[in-house]
>>> print(open('upload-v4.txt').read())   # compact mmCIF, C-alpha atoms
# COMPACT_ATOMS: atom_id res chain seq x y z
CA MET A 1 156.71 91.96 54.94
CA GLN A 2 156.85 92.50 51.22
CA SER A 3 159.27 95.37 51.59
CA GLY A 4 160.16 97.10 48.41
CA THR A 5 158.14 94.98 46.03
CA ASN A 6 154.82 96.73 46.31
CA SER A 7 155.94 100.08 47.59
CA VAL A 8 157.82 101.28 44.54
CA SER A 9 155.29 102.22 41.91
CA THR A 10 152.13 100.12 42.20
CA PRO A 11 149.30 102.60 41.73
CA SER A 12 147.08 102.66 44.76
CA GLY A 13 144.79 105.05 46.55
CA VAL A 14 141.88 104.14 44.27
CA ALA A 15 138.46 104.15 45.93
CA GLY A 16 137.13 100.70 46.78
CA THR A 17 140.39 98.79 46.32
CA VAL A 18 140.81 98.37 50.08
CA THR A 19 137.82 97.01 52.01
CA LEU A 20 136.51 98.17 55.37
CA ARG A 21 137.68 94.90 56.90
CA HIS A 22 141.22 95.50 55.63
CA LEU A 23 141.22 99.03 57.00
CA LEU A 24 139.95 97.73 60.34
CA SER A 25 142.65 95.09 60.72
CA GLY A 26 145.42 97.37 59.43
CA PHE A 27 144.64 100.24 61.79
CA LEU A 28 144.08 97.89 64.75
CA LYS A 29 147.62 96.66 64.12
CA ILE A 30 149.00 100.21 63.87
CA GLY A 31 147.34 101.15 67.18
CA LEU A 32 148.49 98.07 69.05
CA LEU A 33 152.10 98.03 67.83
CA GLY A 34 152.73 101.78 67.98
CA PHE A 35 154.92 102.05 71.05
CA GLY A 36 156.69 105.38 71.45
CA GLY A 37 154.65 107.01 68.65
CA VAL A 38 152.72 105.43 65.79
CA ALA A 39 154.38 107.15 62.82
CA PRO A 40 157.04 104.46 62.08
CA ILE A 41 154.65 101.49 62.38
CA ALA A 42 151.96 103.34 60.38
CA ARG A 43 154.35 103.81 57.47
CA HIS A 44 155.39 100.18 57.67
CA VAL A 45 151.82 98.82 57.62
CA ILE A 46 150.39 101.24 55.04
CA VAL A 47 153.28 101.34 52.58
CA GLU A 48 155.17 98.05 52.98
CA ASP A 49 153.00 95.46 54.72
CA ARG A 50 149.60 96.22 53.11
CA ALA A 51 150.80 98.35 50.17
CA TRP A 52 147.70 100.56 50.27
CA LEU A 53 149.65 103.65 49.25
CA THR A 54 153.01 104.27 47.58
CA GLU A 55 155.76 105.99 49.55
CA GLU A 56 154.98 109.29 47.82
CA GLU A 57 151.23 109.05 48.40
CA TYR A 58 151.82 108.25 52.05
CA ALA A 59 154.24 111.15 52.46
CA SER A 60 151.67 113.47 50.88
CA VAL A 61 148.86 112.30 53.19
CA MET A 62 151.10 112.65 56.24
CA GLY A 63 152.19 116.09 55.05
CA VAL A 64 148.60 117.31 54.89
CA GLY A 65 147.89 115.64 58.26
CA GLN A 66 150.75 117.53 59.86
CA VAL A 67 149.68 120.90 58.52
CA LEU A 68 146.10 120.53 59.72
CA PRO A 69 145.13 120.96 63.38
CA GLY A 70 144.60 117.83 65.47
CA ALA A 71 146.49 114.60 66.03
CA ASN A 72 148.64 113.92 62.95
CA THR A 73 148.00 110.19 62.73
CA ILE A 74 144.26 110.61 63.31
CA ASN A 75 144.14 113.12 60.44
CA ALA A 76 146.04 110.68 58.22
CA ALA A 77 143.70 107.83 59.23
CA VAL A 78 140.67 109.98 58.32
CA MET A 79 142.07 110.81 54.88
CA ILE A 80 143.19 107.24 54.09
CA GLY A 81 139.86 105.74 55.21
CA ASP A 82 137.91 108.32 53.24
CA ARG A 83 139.97 107.74 50.12
CA PHE A 84 139.16 104.01 50.02
CA GLN A 85 135.73 103.74 51.65
CA GLY A 86 134.34 107.25 52.09
CA MET A 87 133.05 108.53 55.41
CA ALA A 88 132.50 104.98 56.73
CA GLY A 89 136.13 104.18 55.98
CA ALA A 90 137.30 107.28 57.84
CA ILE A 91 135.23 106.37 60.90
CA VAL A 92 136.41 102.73 60.85
CA CYS A 93 140.06 103.79 60.58
CA VAL A 94 139.90 106.27 63.46
CA ILE A 95 138.00 103.93 65.77
CA SER A 96 140.18 100.90 65.06
CA LEU A 97 143.32 103.00 65.52
CA MET A 98 142.21 104.21 68.94
CA VAL A 99 140.09 101.47 70.51
CA MET A 100 142.81 99.13 71.80
CA PRO A 101 145.17 101.90 72.99
CA LEU A 102 142.22 103.47 74.85
CA VAL A 103 141.32 100.16 76.52
CA ILE A 104 144.95 99.70 77.58
CA VAL A 105 145.38 103.26 78.80
CA THR A 106 142.12 103.04 80.76
CA GLY A 107 143.43 99.88 82.41
CA LEU A 108 146.60 101.79 83.32
CA GLY A 109 144.44 104.65 84.63
CA VAL A 110 142.48 102.27 86.88
CA LEU A 111 145.71 100.77 88.22
CA TYR A 112 147.13 104.26 88.72
CA GLN A 113 144.17 105.42 90.76
CA ARG A 114 144.27 102.27 92.88
CA PHE A 115 148.01 102.07 93.52
CA ALA A 116 149.35 105.62 93.09
CA ALA A 117 149.70 105.99 96.86
CA LEU A 118 152.24 103.14 97.14
CA PRO A 119 155.77 104.58 97.41
CA GLN A 120 157.32 102.15 94.92
CA VAL A 121 154.60 102.97 92.37
CA GLN A 122 155.23 106.67 92.95
CA ALA A 123 158.94 106.11 92.40
CA ALA A 124 158.34 104.19 89.16
CA ILE A 125 155.92 106.75 87.76
CA SER A 126 158.14 109.68 88.80
CA GLY A 127 160.99 108.13 86.85
CA SER A 128 158.89 107.53 83.75
CA ALA A 129 157.41 111.04 83.95
CA ALA A 130 160.89 112.55 84.16
CA ALA A 131 161.98 110.44 81.18
CA ALA A 132 158.80 111.33 79.23
CA ALA A 133 159.57 115.04 79.67
CA GLY A 134 163.07 114.39 78.36
CA LEU A 135 161.65 112.53 75.35
CA VAL A 136 159.58 115.57 74.41
CA ILE A 137 162.56 117.93 74.74
CA GLY A 138 164.79 115.54 72.78
CA ALA A 139 162.20 115.14 70.02
CA ALA A 140 161.92 118.92 69.60
CA LEU A 141 165.70 119.37 69.44
CA LYS A 142 166.02 116.50 66.96
CA MET A 143 163.33 117.95 64.71
CA ALA A 144 165.08 121.32 64.85
CA ARG A 145 168.41 119.77 63.90
CA ARG A 146 166.94 117.80 60.97
CA LEU A 147 165.16 120.85 59.62
CA HIS A 148 168.36 122.83 58.90
CA PRO A 149 166.31 125.91 59.75
CA THR A 150 166.67 129.29 58.12
CA ALA A 151 167.18 132.34 60.35
CA ILE A 152 163.51 133.27 60.07
CA ALA A 153 162.45 129.72 61.03
CA ILE A 154 164.66 129.89 64.14
CA VAL A 155 163.06 133.23 65.05
CA PHE A 156 159.51 131.80 64.82
CA GLY A 157 160.49 128.63 66.68
CA LEU A 158 162.03 130.66 69.49
CA LEU A 159 159.04 133.04 69.61
CA ALA A 160 156.66 130.08 69.98
CA PHE A 161 158.86 128.54 72.68
CA ILE A 162 159.27 131.76 74.65
CA ALA A 163 155.62 132.79 74.37
CA VAL A 164 154.09 129.46 75.39
CA GLY A 165 156.88 127.83 77.40
CA LEU A 166 158.27 130.76 79.37
CA LEU A 167 155.69 133.58 79.27
CA LYS A 168 152.78 131.10 79.58
CA VAL A 169 150.80 132.67 76.75
CA SER A 170 147.75 130.54 75.99
CA LEU A 171 148.08 128.21 72.99
CA ILE A 172 145.13 129.59 71.03
CA PRO A 173 146.35 133.22 70.62
CA ALA A 174 149.95 132.03 70.20
CA VAL A 175 149.05 129.75 67.28
CA ALA A 176 146.56 132.23 65.83
CA VAL A 177 149.25 134.94 65.65
CA LEU A 178 152.49 133.05 65.00
CA GLY A 179 151.05 130.45 62.58
CA PRO A 180 149.83 132.87 59.87
CA LEU A 181 152.86 135.16 60.30
CA SER A 182 155.26 132.25 59.89
CA ILE A 183 153.35 130.88 56.87
CA GLY A 184 153.38 134.39 55.38
CA ALA A 185 157.16 134.60 55.84
CA ALA A 186 157.54 131.13 54.28
CA TYR A 187 155.38 132.23 51.32
CA LEU A 188 157.51 135.33 50.73
CA GLY A 189 160.67 133.21 50.93
CA HIS A 190 159.12 130.71 48.51
CA ARG A 191 158.27 133.46 45.99
CA ARG A 192 161.73 134.96 46.21
CA GLU A 193 163.28 131.57 45.39
CA ARG A 194 161.32 131.30 42.14
CA MET S 1 126.85 119.78 88.19
CA LYS S 2 128.15 116.67 86.51
CA ASP S 3 126.70 117.72 83.16
CA ASN S 4 128.36 121.06 83.65
CA LEU S 5 131.72 119.32 84.15
CA LEU S 6 131.29 117.22 81.01
CA TRP S 7 130.35 120.34 79.08
CA ARG S 8 133.52 122.06 80.27
CA ILE S 9 135.57 119.02 79.25
CA ALA S 10 133.95 119.12 75.80
CA VAL S 11 134.53 122.85 75.28
CA THR S 12 138.12 122.69 76.57
CA PHE S 13 139.24 119.91 74.24
CA ALA S 14 137.16 120.96 71.24
CA SER S 15 138.81 124.38 71.26
CA LEU S 16 142.25 122.79 71.66
CA SER S 17 141.43 120.46 68.75
CA PHE S 18 141.29 123.43 66.37
CA VAL S 19 144.66 124.88 67.38
CA ALA S 20 146.58 121.62 67.90
CA VAL S 21 148.74 122.41 64.87
CA GLY S 22 151.62 119.98 64.70
CA GLY S 23 149.81 117.34 66.71
CA VAL S 24 149.09 116.60 70.33
CA THR S 25 152.67 117.00 71.58
CA ALA S 26 152.71 120.57 70.31
CA ALA S 27 149.39 121.15 72.08
CA LEU S 28 150.80 119.80 75.35
CA PRO S 29 151.53 123.20 76.94
CA GLY S 30 148.01 124.30 76.01
CA ILE S 31 146.45 121.14 77.45
CA HIS S 32 148.54 121.50 80.62
CA ARG S 33 147.51 125.13 81.05
CA GLN S 34 143.82 124.36 80.63
CA VAL S 35 143.74 121.20 82.74
CA VAL S 36 146.01 122.35 85.61
CA ASP S 37 145.93 126.16 85.71
CA VAL S 38 142.58 127.21 84.24
CA GLN S 39 140.19 124.36 85.11
CA GLY S 40 142.11 123.04 88.12
CA TRP S 41 141.16 119.44 87.39
CA MET S 42 144.48 118.06 88.67
CA ASN S 43 147.87 119.19 89.93
CA ASP S 44 151.17 119.35 88.07
CA THR S 45 152.42 115.98 89.28
CA THR S 46 149.26 114.09 88.34
CA PHE S 47 149.36 115.67 84.87
CA ALA S 48 152.99 114.60 84.37
CA ASN S 49 152.17 111.11 85.66
CA LEU S 50 149.19 110.69 83.32
CA TYR S 51 151.30 111.81 80.38
CA ALA S 52 153.93 109.21 81.30
CA LEU S 53 151.26 106.50 81.61
CA ALA S 54 149.89 107.34 78.17
CA GLN S 55 153.42 107.12 76.76
CA ALA S 56 153.78 103.65 78.26
CA ALA S 57 150.69 102.46 76.32
CA PRO S 58 150.82 101.82 72.57
CA GLY S 59 148.88 103.96 70.12
CA PRO S 60 148.68 107.59 69.01
CA ASN S 61 149.76 110.27 71.50
CA VAL S 62 146.24 111.71 71.51
CA ILE S 63 145.06 108.96 73.89
CA VAL S 64 146.56 111.02 76.73
CA VAL S 65 143.47 113.20 76.32
CA GLY S 66 141.28 110.15 77.00
CA LEU S 67 143.29 109.36 80.12
CA ILE S 68 142.90 112.94 81.36
CA GLY S 69 139.15 112.66 80.76
CA TRP S 70 139.12 109.39 82.70
CA GLN S 71 140.93 111.01 85.64
CA VAL S 72 138.43 113.89 85.71
CA SER S 73 135.17 112.00 85.21
CA ARG S 74 135.72 108.28 84.52
CA LEU S 75 134.21 106.70 81.39
CA ALA S 76 131.97 109.69 80.60
CA GLY S 77 134.96 112.02 80.91
CA LEU S 78 137.11 109.79 78.70
CA THR S 79 134.44 109.56 76.00
CA VAL S 80 133.64 113.27 75.98
CA ALA S 81 137.30 114.37 76.03
CA MET S 82 138.26 111.97 73.26
CA LEU S 83 135.33 112.88 70.99
CA ALA S 84 135.86 116.61 71.59
CA MET S 85 139.54 116.34 70.72
CA VAL S 86 139.13 114.10 67.66
CA VAL S 87 135.82 114.93 65.93
CA PRO S 88 136.33 118.65 65.06
CA SER S 89 139.83 118.15 63.62
CA SER S 90 138.71 114.97 61.82
CA ILE S 91 135.92 116.84 60.03
CA VAL S 92 138.48 119.42 58.89
CA ALA S 93 140.80 116.60 57.74
CA LEU S 94 137.97 114.89 55.86
CA ILE S 95 137.07 118.05 53.94
CA VAL S 96 140.64 119.13 53.23
CA GLY S 97 141.62 115.58 52.28
CA ARG S 98 138.90 115.47 49.62
CA VAL S 99 139.84 118.88 48.23
CA VAL S 100 143.55 117.96 48.10
CA HIS S 101 142.81 114.63 46.45
CA ARG S 102 140.73 116.31 43.73
CA HIS S 103 143.10 119.18 43.03
CA ALA S 104 146.59 118.17 42.08
CA ASP S 105 148.17 121.47 43.11
CA THR S 106 149.69 120.80 46.51
CA SER S 107 152.37 123.50 46.50
CA TRP S 108 150.51 125.30 49.33
CA ILE S 109 151.17 122.31 51.59
CA ALA S 110 154.92 122.79 51.26
CA VAL S 111 154.57 126.51 52.05
CA ALA S 112 152.24 125.86 55.01
CA LYS S 113 154.63 123.21 56.30
CA THR S 114 157.68 125.46 55.98
CA GLY S 115 155.84 128.05 58.03
CA LEU S 116 154.22 125.81 60.61
CA VAL S 117 157.00 123.34 61.41
CA PRO S 118 159.25 125.89 63.21
CA VAL S 119 156.28 127.05 65.31
CA THR S 120 155.41 123.42 66.04
CA ILE S 121 158.96 122.66 67.18
CA GLY S 122 158.94 125.68 69.49
CA LEU S 123 155.62 124.51 70.97
CA ILE S 124 156.89 120.94 71.46
CA LEU S 125 159.99 122.28 73.21
CA ALA S 126 157.73 124.42 75.39
CA GLY S 127 155.68 121.30 76.19
CA GLY S 128 158.85 119.46 77.20
CA VAL S 129 159.90 122.27 79.52
CA VAL S 130 156.43 122.46 81.09
CA MET S 131 156.49 118.69 81.63
CA ALA S 132 160.02 118.79 83.07
CA ARG S 133 158.99 121.51 85.52
CA ALA S 134 156.09 119.31 86.61
CA ALA S 135 158.06 116.07 86.82
CA ASP S 136 161.51 117.05 88.08
CA ARG S 137 161.31 117.42 91.84
CA GLY S 138 164.90 116.38 92.61
CA ILE S 139 168.39 116.00 91.17
CA LEU S 140 167.89 112.39 90.04
CA MET S 141 164.76 113.29 88.08
CA VAL S 142 166.55 116.19 86.37
CA VAL S 143 169.32 113.78 85.37
CA ILE S 144 166.78 111.27 83.98
CA THR S 145 165.09 114.04 81.96
CA LEU S 146 168.39 115.24 80.51
CA ALA S 147 169.56 111.69 79.77
CA ALA S 148 166.29 110.85 77.98
CA ALA S 149 166.56 114.04 75.90
CA VAL S 150 170.14 113.17 74.89
CA PHE S 151 169.10 109.58 74.10
CA VAL S 152 166.46 110.77 71.64
CA LEU S 153 168.82 113.32 70.16
CA ILE S 154 171.72 110.96 69.41
CA SER S 155 170.03 107.56 68.96
CA GLU S 156 167.55 106.21 66.41
CA ARG S 157 166.26 103.53 68.79
CA ASN S 158 162.66 103.46 70.02
CA PRO S 159 162.18 106.20 72.67
CA ALA S 160 160.20 103.68 74.75
CA TRP S 161 163.59 102.34 75.90
CA ALA S 162 164.38 105.64 77.62
CA LEU S 163 160.99 105.53 79.33
CA ALA S 164 161.68 102.01 80.63
CA ALA S 165 165.20 102.97 81.76
CA GLY S 166 163.93 106.05 83.64
CA THR S 167 161.33 103.93 85.41
CA ILE S 168 163.84 101.26 86.44
CA ILE S 169 166.51 103.74 87.57
CA SER S 170 163.97 105.56 89.71
CA LEU S 171 162.71 102.29 91.24
CA VAL S 172 166.25 101.13 92.03
CA ALA S 173 167.06 104.50 93.61
CA TRP S 174 163.94 104.22 95.75
CA GLY S 175 164.93 100.66 96.73
CA LEU S 176 168.37 101.89 97.79
CA GLY S 177 166.77 104.66 99.83
CA LEU S 178 168.23 107.45 97.68
CA PRO S 179 166.37 110.77 97.41
CA LEU S 180 164.36 110.91 94.16
>>> encode(input="upload-v4.txt", output="structure tokens")
Amino acid sequence: MQSGTNSVSTPSGVAGTVTLRHLLSGFLKIGLLGFGGVAPIARHVIVEDRAWLTEEEYASVMGVGQVLPGANTINAAVMIGDRFQGMAGAIVCVISLMVMPLVIVTGLGVLYQRFAALPQVQAAISGSAAAAAGLVIGAALKMARRLHPTAIAIVFGLLAFIAVGLLKVSLIPAVAVLGPLSIGAAYLGHRRER
Amino acid sequence: MKDNLLWRIAVTFASLSFVAVGGVTAALPGIHRQVVDVQGWMNDTTFANLYALAQAAPGPNVIVVGLIGWQVSRLAGLTVAMLAMVVPSSIVALIVGRVVHRHADTSWIAVAKTGLVPVTIGLILAGGVVMARAADRGILMVVITLAAAVFVLISERNPAWALAAGTIISLVAWGLGLPL
């Protein structure tokens, strides 16, 4: 916990300055401690605890990771690993991020298959599934509130929700159509501002 | 037959990997549609239960894909599903990451983000509604879903608390003999 001291302006992100072993231990920690989403703990480990990247560098990597397809944190792990140790670094980061969570979730899967028929287990899982659905809805509404969306952003958000959530349009055509259109609208808005 | 199943798992998740813009939660309605409606690997309830189990474990949300693979075809299913979901998008990330790192101009990221984030939010909301439809069989479950949504919306605390509370409330209700 060296909060603040290293994260302000120390230049980082230079190839070779972080070893494979450091990447391994850092991403193992992120995977194991990331309850309820890994984004907060990832920022803590990468920016504050290990000081591999500055706040700005981290925000930039996460930004790219969010724009690209695929799991956001996996994308960020690939880019951070590659930056310090090339392809080997990327592979080490992704594997160490996922290995312990996968072992744990497989253990839960085994228990689920063995005990799912018990009524008290069913009750417990029903409750957590109901809560998990609520977490997803709450997260979407929170993101929408934080965004202070423009009218056009609200239109594209609603179109995506209605198409996929209510009309059951498949994800691939929905993203293939709405993604480029929404980026195009954002580009026009961006040009008008300048 | 078994090889055929693994191949279908690979194709299903590899194609989702390329359109999972905004992460796995935004791809949830797509994963649900493929796994439950198109491939028929499991029913609604099992899907909702597996998602909840994956939320109870630490780590990135994408591990739910591994758990789905496990449910369909054990260790082989887990491995194939996980690799199919992670490898294609990781190759894209590797290439784009190098290009971005070399070229300082990152203004396109801001534009892409402005465009994609609203779509992502709509997809995540759709995923939540799909999950709620699968999970909420009775009044108590609807209340738990709504309460968890409000908790996330108004509190900055770890969402895992809401998951734990929902589990305990449901267990207590079962113990008291209330309808779930």
>>> residues_around(input="upload-v4.txt", residues="region 147-159 of chain A", least_positions_apart="4", cutoff="9 Å", atoms="only C-alpha atoms", output="PyMOL selection string")
(chain A and resi 142-143+163-164+178-179+181-182+185-186) or (chain S and resi 114-115+117-123)
>>> closest_residue(input="upload-v4.txt", among="A:Leu24, A:Val169, A:Ala124, A:Val45", to="chain S", atoms="all atoms listed in the file")
A:Ala124
>>> residues_around(input="upload-v4.txt", residues="Thr25 (chain S)", least_positions_apart="5", cutoff="8 Å", atoms="all atoms listed in the file", output="list of chain:residue names")
A:Val136, S:Asn61, S:Ile124, S:Gly127
>>> closest_atom_pairs(input="upload-v4.txt", of="region 52-138 of chain A", to="region 70-94 of chain S", cutoff="8 Å", atoms="all atoms listed in the file", output="tab-separated table")
residue	atom	partner	partner_atom	distance
A:Gly65	CA	S:Ala93	CA	7.2
A:Leu68	CA	S:Ala93	CA	6.9
A:Pro69	CA	S:Ser89	CA	6.0
A:Gly70	CA	S:Ser89	CA	5.1
A:Ala71	CA	S:Val86	CA	7.6
A:Ile74	CA	S:Ser90	CA	7.2
A:Asn75	CA	S:Ala93	CA	5.5
A:Ala76	CA	S:Ala93	CA	7.9
A:Val78	CA	S:Leu94	CA	6.1
A:Met79	CA	S:Leu94	CA	5.9
A:Asp82	CA	S:Leu94	CA	7.1
A:Ala90	CA	S:Leu94	CA	7.9
A:Thr106	CA	S:Trp70	CA	7.3
A:Gly109	CA	S:Gln71	CA	7.3
>>> write_last_selection(input="upload-v4.txt", atoms="C-alpha atoms", output="compact mmCIF listing (two decimals), keeping the file's coordinate frame")
# COMPACT_ATOMS: atom_id res chain seq x y z
CA GLY A 65 147.89 115.64 58.26
CA LEU A 68 146.10 120.53 59.72
CA PRO A 69 145.13 120.96 63.38
CA GLY A 70 144.60 117.83 65.47
CA ALA A 71 146.49 114.60 66.03
CA ILE A 74 144.26 110.61 63.31
CA ASN A 75 144.14 113.12 60.44
CA ALA A 76 146.04 110.68 58.22
CA VAL A 78 140.67 109.98 58.32
CA MET A 79 142.07 110.81 54.88
CA ASP A 82 137.91 108.32 53.24
CA ALA A 90 137.30 107.28 57.84
CA THR A 106 142.12 103.04 80.76
CA GLY A 109 144.44 104.65 84.63
>>> residues_around(input="upload-v4.txt", residues="Ala77 (chain A)", least_positions_apart="4", cutoff="8 Å", atoms="all atoms listed in the file", output="ChimeraX atom specification")
/A:73,81,90,93-94,97
>>> atom_distance(input="upload-v4.txt", atom1="CA of Gly66 (chain S)", atom2="CA of Ala54 (chain S)")
9.1 Å
>>> closest_residue(input="upload-v4.txt", among="S:Gly23, S:Val150, S:Leu125, S:Gln55", to="Ala144 (chain A)", atoms="all atoms listed in the file")
S:Leu125
>>> atom_distance(input="upload-v4.txt", atom1="CA of Ala133 (chain A)", atom2="CA of Met131 (chain S)")
5.2 Å
>>> residues_around(input="upload-v4.txt", residues="Arg157 (chain S)", least_positions_apart="3", cutoff="12 Å", atoms="only C-alpha atoms", output="list in words")
Phe35, Gly36 and Pro40 of chain A; Ala148, Phe151, Val152, Leu153, Ile154, Ala160, Trp161, Ala162 and Leu163 of chain S
>>> residues_around(input="upload-v4.txt", residues="Gly175 (chain S)", least_positions_apart="6", cutoff="12 Å", atoms="all atoms listed in the file", output="PyMOL selection string")
(chain A and resi 119-121+123-124) or (chain S and resi 168-169)
>>> closest_residue(input="upload-v4.txt", among="S:Leu140, S:Arg98, S:Ala112, S:Val38", to="Gly22 (chain S)", atoms="all atoms listed in the file")
S:Ala112
>>> closest_residue(input="upload-v4.txt", among="A:Gly138, A:Gly63, A:Gly89, A:Gly107", to="chain S", atoms="only C-alpha atoms")
A:Gly138
>>> build_atoms(input="upload-v4.txt", residues="region 162-175 of chain S", atoms="N, CA and C atoms", output="short mmCIF file (atom, residue, chain, number, x, y, z; two decimals), in the frame of the given file")
data_model
loop_
_atom_site.label_atom_id
_atom_site.label_comp_id
_atom_site.auth_asym_id
_atom_site.auth_seq_id
_atom_site.Cartn_x
_atom_site.Cartn_y
_atom_site.Cartn_z
N ALA S 162 164.01 104.61 76.64
CA ALA S 162 164.38 105.64 77.62
C ALA S 162 163.34 105.71 78.74
N LEU S 163 162.08 105.53 78.35
CA LEU S 163 160.99 105.53 79.33
C LEU S 163 161.18 104.37 80.32
N ALA S 164 161.47 103.18 79.77
CA ALA S 164 161.68 102.01 80.63
C ALA S 164 162.89 102.22 81.53
N ALA S 165 163.98 102.76 80.97
CA ALA S 165 165.20 102.97 81.76
C ALA S 165 164.94 103.96 82.90
N GLY S 166 164.24 105.06 82.60
CA GLY S 166 163.93 106.05 83.64
C GLY S 166 163.13 105.44 84.77
N THR S 167 162.16 104.59 84.41
CA THR S 167 161.33 103.93 85.41
C THR S 167 162.18 103.03 86.31
N ILE S 168 163.04 102.23 85.68
CA ILE S 168 163.84 101.26 86.44
C ILE S 168 164.86 101.98 87.34
N ILE S 169 165.52 103.00 86.78
CA ILE S 169 166.51 103.74 87.57
C ILE S 169 165.86 104.35 88.82
N SER S 170 164.67 104.93 88.60
CA SER S 170 163.97 105.56 89.71
C SER S 170 163.56 104.53 90.77
N LEU S 171 163.10 103.36 90.31
CA LEU S 171 162.71 102.29 91.24
C LEU S 171 163.91 101.79 92.04
N VAL S 172 165.04 101.60 91.36
CA VAL S 172 166.25 101.13 92.03
C VAL S 172 166.70 102.17 93.07
N ALA S 173 166.66 103.44 92.67
CA ALA S 173 167.06 104.50 93.61
C ALA S 173 166.16 104.50 94.84
N TRP S 174 164.87 104.30 94.62
CA TRP S 174 163.94 104.22 95.75
C TRP S 174 164.28 103.02 96.63
N GLY S 175 164.58 101.87 95.99
CA GLY S 175 164.93 100.66 96.73
C GLY S 175 166.18 100.84 97.58
#
